[in-house]
Every structure is written in C-alpha cells, then in structure tokens.
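So this one's model_25.cif, mmCIF, C-alpha atoms:
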```cif
data_coords
#
loop_
_atom_site.group_PDB
_atom_site.id
_atom_site.type_symbol
_atom_site.label_atom_id
_atom_site.label_comp_id
_atom_site.auth_asym_id
_atom_site.auth_seq_id
_atom_site.Cartn_x
_atom_site.Cartn_y
_atom_site.Cartn_z
ATOM 1 C CA ALA B 1 152.029 108.845 61.773
ATOM 2 C CA LEU B 2 155.121 109.725 59.712
ATOM 3 C CA ARG B 3 154.376 107.037 57.104
ATOM 4 C CA ASN B 4 150.808 108.259 56.793
ATOM 5 C CA ARG B 5 151.901 111.909 56.514
ATOM 6 C CA VAL B 6 154.207 111.070 53.592
ATOM 7 C CA LYS B 7 151.583 108.865 51.873
ATOM 8 C CA VAL B 8 148.956 111.605 52.177
ATOM 9 C CA ALA B 9 151.371 114.226 50.804
ATOM 10 C CA LEU B 10 152.230 112.055 47.786
ATOM 11 C CA HIS B 11 148.563 111.312 47.098
ATOM 12 C CA ALA B 12 147.465 114.938 47.558
ATOM 13 C CA ASP B 13 149.934 116.371 45.042
ATOM 14 C CA PRO B 14 147.928 117.173 41.889
ATOM 15 C CA TYR B 15 150.857 116.474 39.529
ATOM 16 C CA PHE B 16 152.185 113.246 41.035
ATOM 17 C CA TYR B 17 150.679 109.818 40.326
ATOM 18 C CA ASP B 18 151.280 107.755 43.470
ATOM 19 C CA GLU B 19 149.463 104.538 42.558
ATOM 20 C CA HIS B 20 152.649 102.447 42.307
ATOM 21 C CA VAL B 21 154.606 103.961 45.193
ATOM 22 C CA THR B 22 154.714 102.469 48.690
ATOM 23 C CA VAL B 23 156.002 104.201 51.789
ATOM 24 C CA SER B 24 157.550 102.465 54.775
ATOM 25 C CA ILE B 25 159.594 103.477 57.799
ATOM 26 C CA GLU B 26 162.798 101.477 58.250
ATOM 27 C CA GLN B 27 165.524 102.193 60.799
ATOM 28 C CA GLY B 28 164.096 105.661 61.348
ATOM 29 C CA ALA B 29 164.084 106.624 57.669
ATOM 30 C CA VAL B 30 161.255 107.030 55.155
ATOM 31 C CA VAL B 31 161.694 104.461 52.358
ATOM 32 C CA LEU B 32 159.986 104.899 48.968
ATOM 33 C CA ARG B 33 159.529 101.759 46.869
ATOM 34 C CA GLY B 34 157.802 100.950 43.609
ATOM 35 C CA PHE B 35 158.002 102.716 40.302
ATOM 36 C CA VAL B 36 157.306 106.017 38.619
ATOM 37 C CA PHE B 37 157.120 106.885 34.932
ATOM 38 C CA SER B 38 159.743 109.581 34.457
ATOM 39 C CA ASP B 39 162.756 111.268 35.965
ATOM 40 C CA TRP B 40 160.462 114.211 36.779
ATOM 41 C CA ASP B 41 158.159 111.900 38.759
ATOM 42 C CA LEU B 42 161.150 110.445 40.594
ATOM 43 C CA ARG B 43 162.396 113.878 41.646
ATOM 44 C CA ALA B 44 158.859 114.958 42.559
ATOM 45 C CA ALA B 45 158.320 111.889 44.766
ATOM 46 C CA ILE B 46 161.550 112.499 46.642
ATOM 47 C CA GLY B 47 160.843 116.212 47.030
ATOM 48 C CA ILE B 48 157.287 115.687 48.273
ATOM 49 C CA ALA B 49 158.428 112.975 50.693
ATOM 50 C CA ARG B 50 161.288 115.122 52.041
ATOM 51 C CA LYS B 51 158.962 118.047 52.624
ATOM 52 C CA ALA B 52 156.430 115.846 54.439
ATOM 53 C CA ALA B 53 159.126 114.018 56.443
ATOM 54 C CA GLY B 54 160.794 117.170 57.730
ATOM 55 C CA ASP B 55 164.171 116.283 59.258
ATOM 56 C CA ILE B 56 163.735 112.541 58.644
ATOM 57 C CA ARG B 57 165.940 110.971 55.970
ATOM 58 C CA VAL B 58 164.221 109.780 52.762
ATOM 59 C CA VAL B 59 165.589 106.686 51.009
ATOM 60 C CA ASP B 60 164.846 106.348 47.296
ATOM 61 C CA ASN B 61 164.242 102.744 46.226
ATOM 62 C CA LEU B 62 162.096 103.764 43.264
ATOM 63 C CA SER B 63 162.653 102.714 39.689
ATOM 64 C CA ILE B 64 161.560 104.414 36.470
ATOM 65 C CA LYS B 65 159.237 102.450 34.221
ATOM 66 C CA GLN B 66 158.999 103.784 30.690
ATOM 67 C CA GLY B 67 155.724 103.769 28.815
ATOM 68 C CA GLY B 68 153.300 106.009 30.657
ATOM 69 C CA ARG B 69 150.652 105.473 33.293
ATOM 70 C CA HIS B 70 149.062 102.041 33.385
#
```

Show the structure stored in the file as structure tokens.
Amino acid sequence: ALRNRVKVALHADPYFYDEHVTVSIEQGAVVLRGFVFSDWDLRAAIGIARKAAGDIRVVDNLSIKQGGRH
C-alpha cells in the first residue's frame, strides 16, 4: 500500500514526469530509483515521496540525466 501511495503521488503531480522513476520498499524505507532530468525534478521527487510516505524514510537513488524528456 505504501509503495502504491508514493507511485500514485508521483504520477498525479502535474509538474513531475515520473516515467523513469521506480518506487520500492526496502528494509522499511521508500526507495526511489531511476532518473530525472534536472535538479528541480530530483528535489520534487523526494518532496512528493516524503509527503506521501509520511513518517517513513525516503532513500534517494535517483540520478540526473541531462538532455530533456525522452
């Protein structure tokens, strides 16, 4: 349920492109993997995930890929 809640929150945000981001739950934490296209997107992903996860820790394993949305 937690994984789904975070995935839905990322997908529902009108300014965040979640196509290349995966969400998993590992050792009780939310883990974000994949890539985003800017530092803004990286901060947005973490913020959205933290809000959706509540008190659960969010681990950032995202990378930034330059060059826009493919």

* For the atom pair atom CA of His20 of chain B and atom CA of Gly54 of chain B, what is the interatomic distance in Å to one decimal place? ->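 Taking atom CA of His20 of chain B as the start and atom CA of Gly54 of chain B as the end point, the length is 22.8 Å.
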
* To do: Would you write out, as a VMD selection string, every residue that the PyMOL selection byres ((chain B and resi 8) around 12) captures in this file?
  => chain B and resid 1 to 7 9 to 14 16 18 to 19 21 to 23 45 48 to 49 51 to 53

Residues of the last selection are to be written out with C-alpha atoms, as a PDB file, keeping the file's coordinate frame.
```pdb
ATOM      1  CA  ALA B   1     152.029 108.845  61.773  1.00  0.00           C
ATOM      2  CA  LEU B   2     155.121 109.725  59.712  1.00  0.00           C
ATOM      3  CA  ARG B   3     154.376 107.037  57.104  1.00  0.00           C
ATOM      4  CA  ASN B   4     150.808 108.259  56.793  1.00  0.00           C
ATOM      5  CA  ARG B   5     151.901 111.909  56.514  1.00  0.00           C
ATOM      6  CA  VAL B   6     154.207 111.070  53.592  1.00  0.00           C
ATOM      7  CA  LYS B   7     151.583 108.865  51.873  1.00  0.00           C
ATOM      8  CA  ALA B   9     151.371 114.226  50.804  1.00  0.00           C
ATOM      9  CA  LEU B  10     152.230 112.055  47.786  1.00  0.00           C
ATOM     10  CA  HIS B  11     148.563 111.312  47.098  1.00  0.00           C
ATOM     11  CA  ALA B  12     147.465 114.938  47.558  1.00  0.00           C
ATOM     12  CA  ASP B  13     149.934 116.371  45.042  1.00  0.00           C
ATOM     13  CA  PRO B  14     147.928 117.173  41.889  1.00  0.00           C
ATOM     14  CA  PHE B  16     152.185 113.246  41.035  1.00  0.00           C
ATOM     15  CA  ASP B  18     151.280 107.755  43.470  1.00  0.00           C
ATOM     16  CA  GLU B  19     149.463 104.538  42.558  1.00  0.00           C
ATOM     17  CA  VAL B  21     154.606 103.961  45.193  1.00  0.00           C
ATOM     18  CA  THR B  22     154.714 102.469  48.690  1.00  0.00           C
ATOM     19  CA  VAL B  23     156.002 104.201  51.789  1.00  0.00           C
ATOM     20  CA  ALA B  45     158.320 111.889  44.766  1.00  0.00           C
ATOM     21  CA  ILE B  48     157.287 115.687  48.273  1.00  0.00           C
ATOM     22  CA  ALA B  49     158.428 112.975  50.693  1.00  0.00           C
ATOM     23  CA  LYS B  51     158.962 118.047  52.624  1.00  0.00           C
ATOM     24  CA  ALA B  52     156.430 115.846  54.439  1.00  0.00           C
ATOM     25  CA  ALA B  53     159.126 114.018  56.443  1.00  0.00           C
TER      26      ALA B  53
END
```

* Run the PyMOL selection byres ((chain B and resi 61-63) around 12) against the file shown and list the residues it catches, as a PyMOL selection string. => chain B and resi 18+20-24+30-39+41-46+58-60+64-66

With the input short on atoms, add all heavy atoms back to segment 56-67 of chain B and write it as a tab-separated table (two decimals), keeping the file's coordinate frame.
```
chain	number	residue	atom	x	y	z
B	56	ILE	N	163.52	113.98	58.78
B	56	ILE	CA	163.74	112.54	58.64
B	56	ILE	C	164.31	112.23	57.27
B	56	ILE	O	163.85	112.75	56.25
B	56	ILE	CB	162.41	111.76	58.84
B	56	ILE	CG1	161.73	112.17	60.15
B	56	ILE	CG2	162.65	110.26	58.78
B	56	ILE	CD1	162.51	111.89	61.40
B	57	ARG	N	165.29	111.35	57.23
B	57	ARG	CA	165.94	110.97	55.97
B	57	ARG	C	164.96	110.21	55.06
B	57	ARG	O	164.18	109.40	55.53
B	57	ARG	CB	167.14	110.07	56.29
B	57	ARG	CG	168.01	109.77	55.11
B	57	ARG	CD	169.32	109.14	55.55
B	57	ARG	NE	169.12	107.86	56.21
B	57	ARG	CZ	169.32	106.69	55.61
B	57	ARG	NH1	169.73	106.64	54.36
B	57	ARG	NH2	169.12	105.56	56.26
B	58	VAL	N	165.04	110.47	53.76
B	58	VAL	CA	164.22	109.78	52.76
B	58	VAL	C	165.14	108.92	51.90
B	58	VAL	O	166.12	109.41	51.35
B	58	VAL	CB	163.44	110.79	51.89
B	58	VAL	CG1	162.71	110.06	50.76
B	58	VAL	CG2	162.46	111.58	52.73
B	59	VAL	N	164.81	107.64	51.81
B	59	VAL	CA	165.59	106.69	51.01
B	59	VAL	C	164.81	106.38	49.73
B	59	VAL	O	163.65	105.98	49.78
B	59	VAL	CB	165.85	105.38	51.80
B	59	VAL	CG1	166.60	104.38	50.94
B	59	VAL	CG2	166.61	105.69	53.08
B	60	ASP	N	165.47	106.56	48.60
B	60	ASP	CA	164.85	106.35	47.30
B	60	ASP	C	165.15	104.94	46.80
B	60	ASP	O	166.26	104.65	46.40
B	60	ASP	CB	165.38	107.41	46.33
B	60	ASP	CG	165.11	107.07	44.88
B	60	ASP	OD1	164.11	106.38	44.61
B	60	ASP	OD2	165.89	107.49	44.02
B	61	ASN	N	164.13	104.08	46.83
B	61	ASN	CA	164.24	102.74	46.23
B	61	ASN	C	163.26	102.63	45.06
B	61	ASN	O	162.73	101.56	44.79
B	61	ASN	CB	163.96	101.65	47.26
B	61	ASN	CG	165.16	101.38	48.15
B	61	ASN	OD1	166.27	101.74	47.82
B	61	ASN	ND2	164.91	100.76	49.29
B	62	LEU	N	163.02	103.74	44.40
B	62	LEU	CA	162.10	103.76	43.26
B	62	LEU	C	162.82	103.45	41.97
B	62	LEU	O	164.01	103.71	41.84
B	62	LEU	CB	161.47	105.15	43.14
B	62	LEU	CG	160.55	105.59	44.27
B	62	LEU	CD1	160.24	107.08	44.13
B	62	LEU	CD2	159.28	104.78	44.28
B	63	SER	N	162.10	102.90	41.03
B	63	SER	CA	162.65	102.71	39.69
B	63	SER	C	161.76	103.46	38.70
B	63	SER	O	160.62	103.79	39.00
B	63	SER	CB	162.74	101.22	39.33
B	63	SER	OG	161.48	100.62	39.43
B	64	ILE	N	162.31	103.72	37.52
B	64	ILE	CA	161.56	104.41	36.47
B	64	ILE	C	161.11	103.39	35.44
B	64	ILE	O	161.91	102.61	34.93
B	64	ILE	CB	162.43	105.50	35.80
B	64	ILE	CG1	162.80	106.57	36.83
B	64	ILE	CG2	161.68	106.12	34.63
B	64	ILE	CD1	163.77	107.61	36.31
B	65	LYS	N	159.82	103.37	35.20
B	65	LYS	CA	159.24	102.45	34.22
B	65	LYS	C	158.78	103.27	33.03
B	65	LYS	O	157.91	104.13	33.17
B	65	LYS	CB	158.06	101.72	34.86
B	65	LYS	CG	157.41	100.71	33.95
B	65	LYS	CD	156.34	99.95	34.71
B	65	LYS	CE	155.70	98.89	33.83
B	65	LYS	NZ	154.73	98.11	34.57
B	66	GLN	N	159.35	103.03	31.89
B	66	GLN	CA	159.00	103.78	30.69
B	66	GLN	C	157.65	103.31	30.17
B	66	GLN	O	157.25	102.18	30.38
B	66	GLN	CB	160.05	103.59	29.61
B	66	GLN	CG	161.44	104.04	30.04
B	66	GLN	CD	161.52	105.52	30.36
B	66	GLN	OE1	160.84	106.33	29.75
B	66	GLN	NE2	162.35	105.88	31.32
B	67	GLY	N	156.94	104.20	29.50
B	67	GLY	CA	155.72	103.77	28.82
B	67	GLY	C	154.44	104.40	29.31
B	67	GLY	O	153.39	104.02	28.86
```
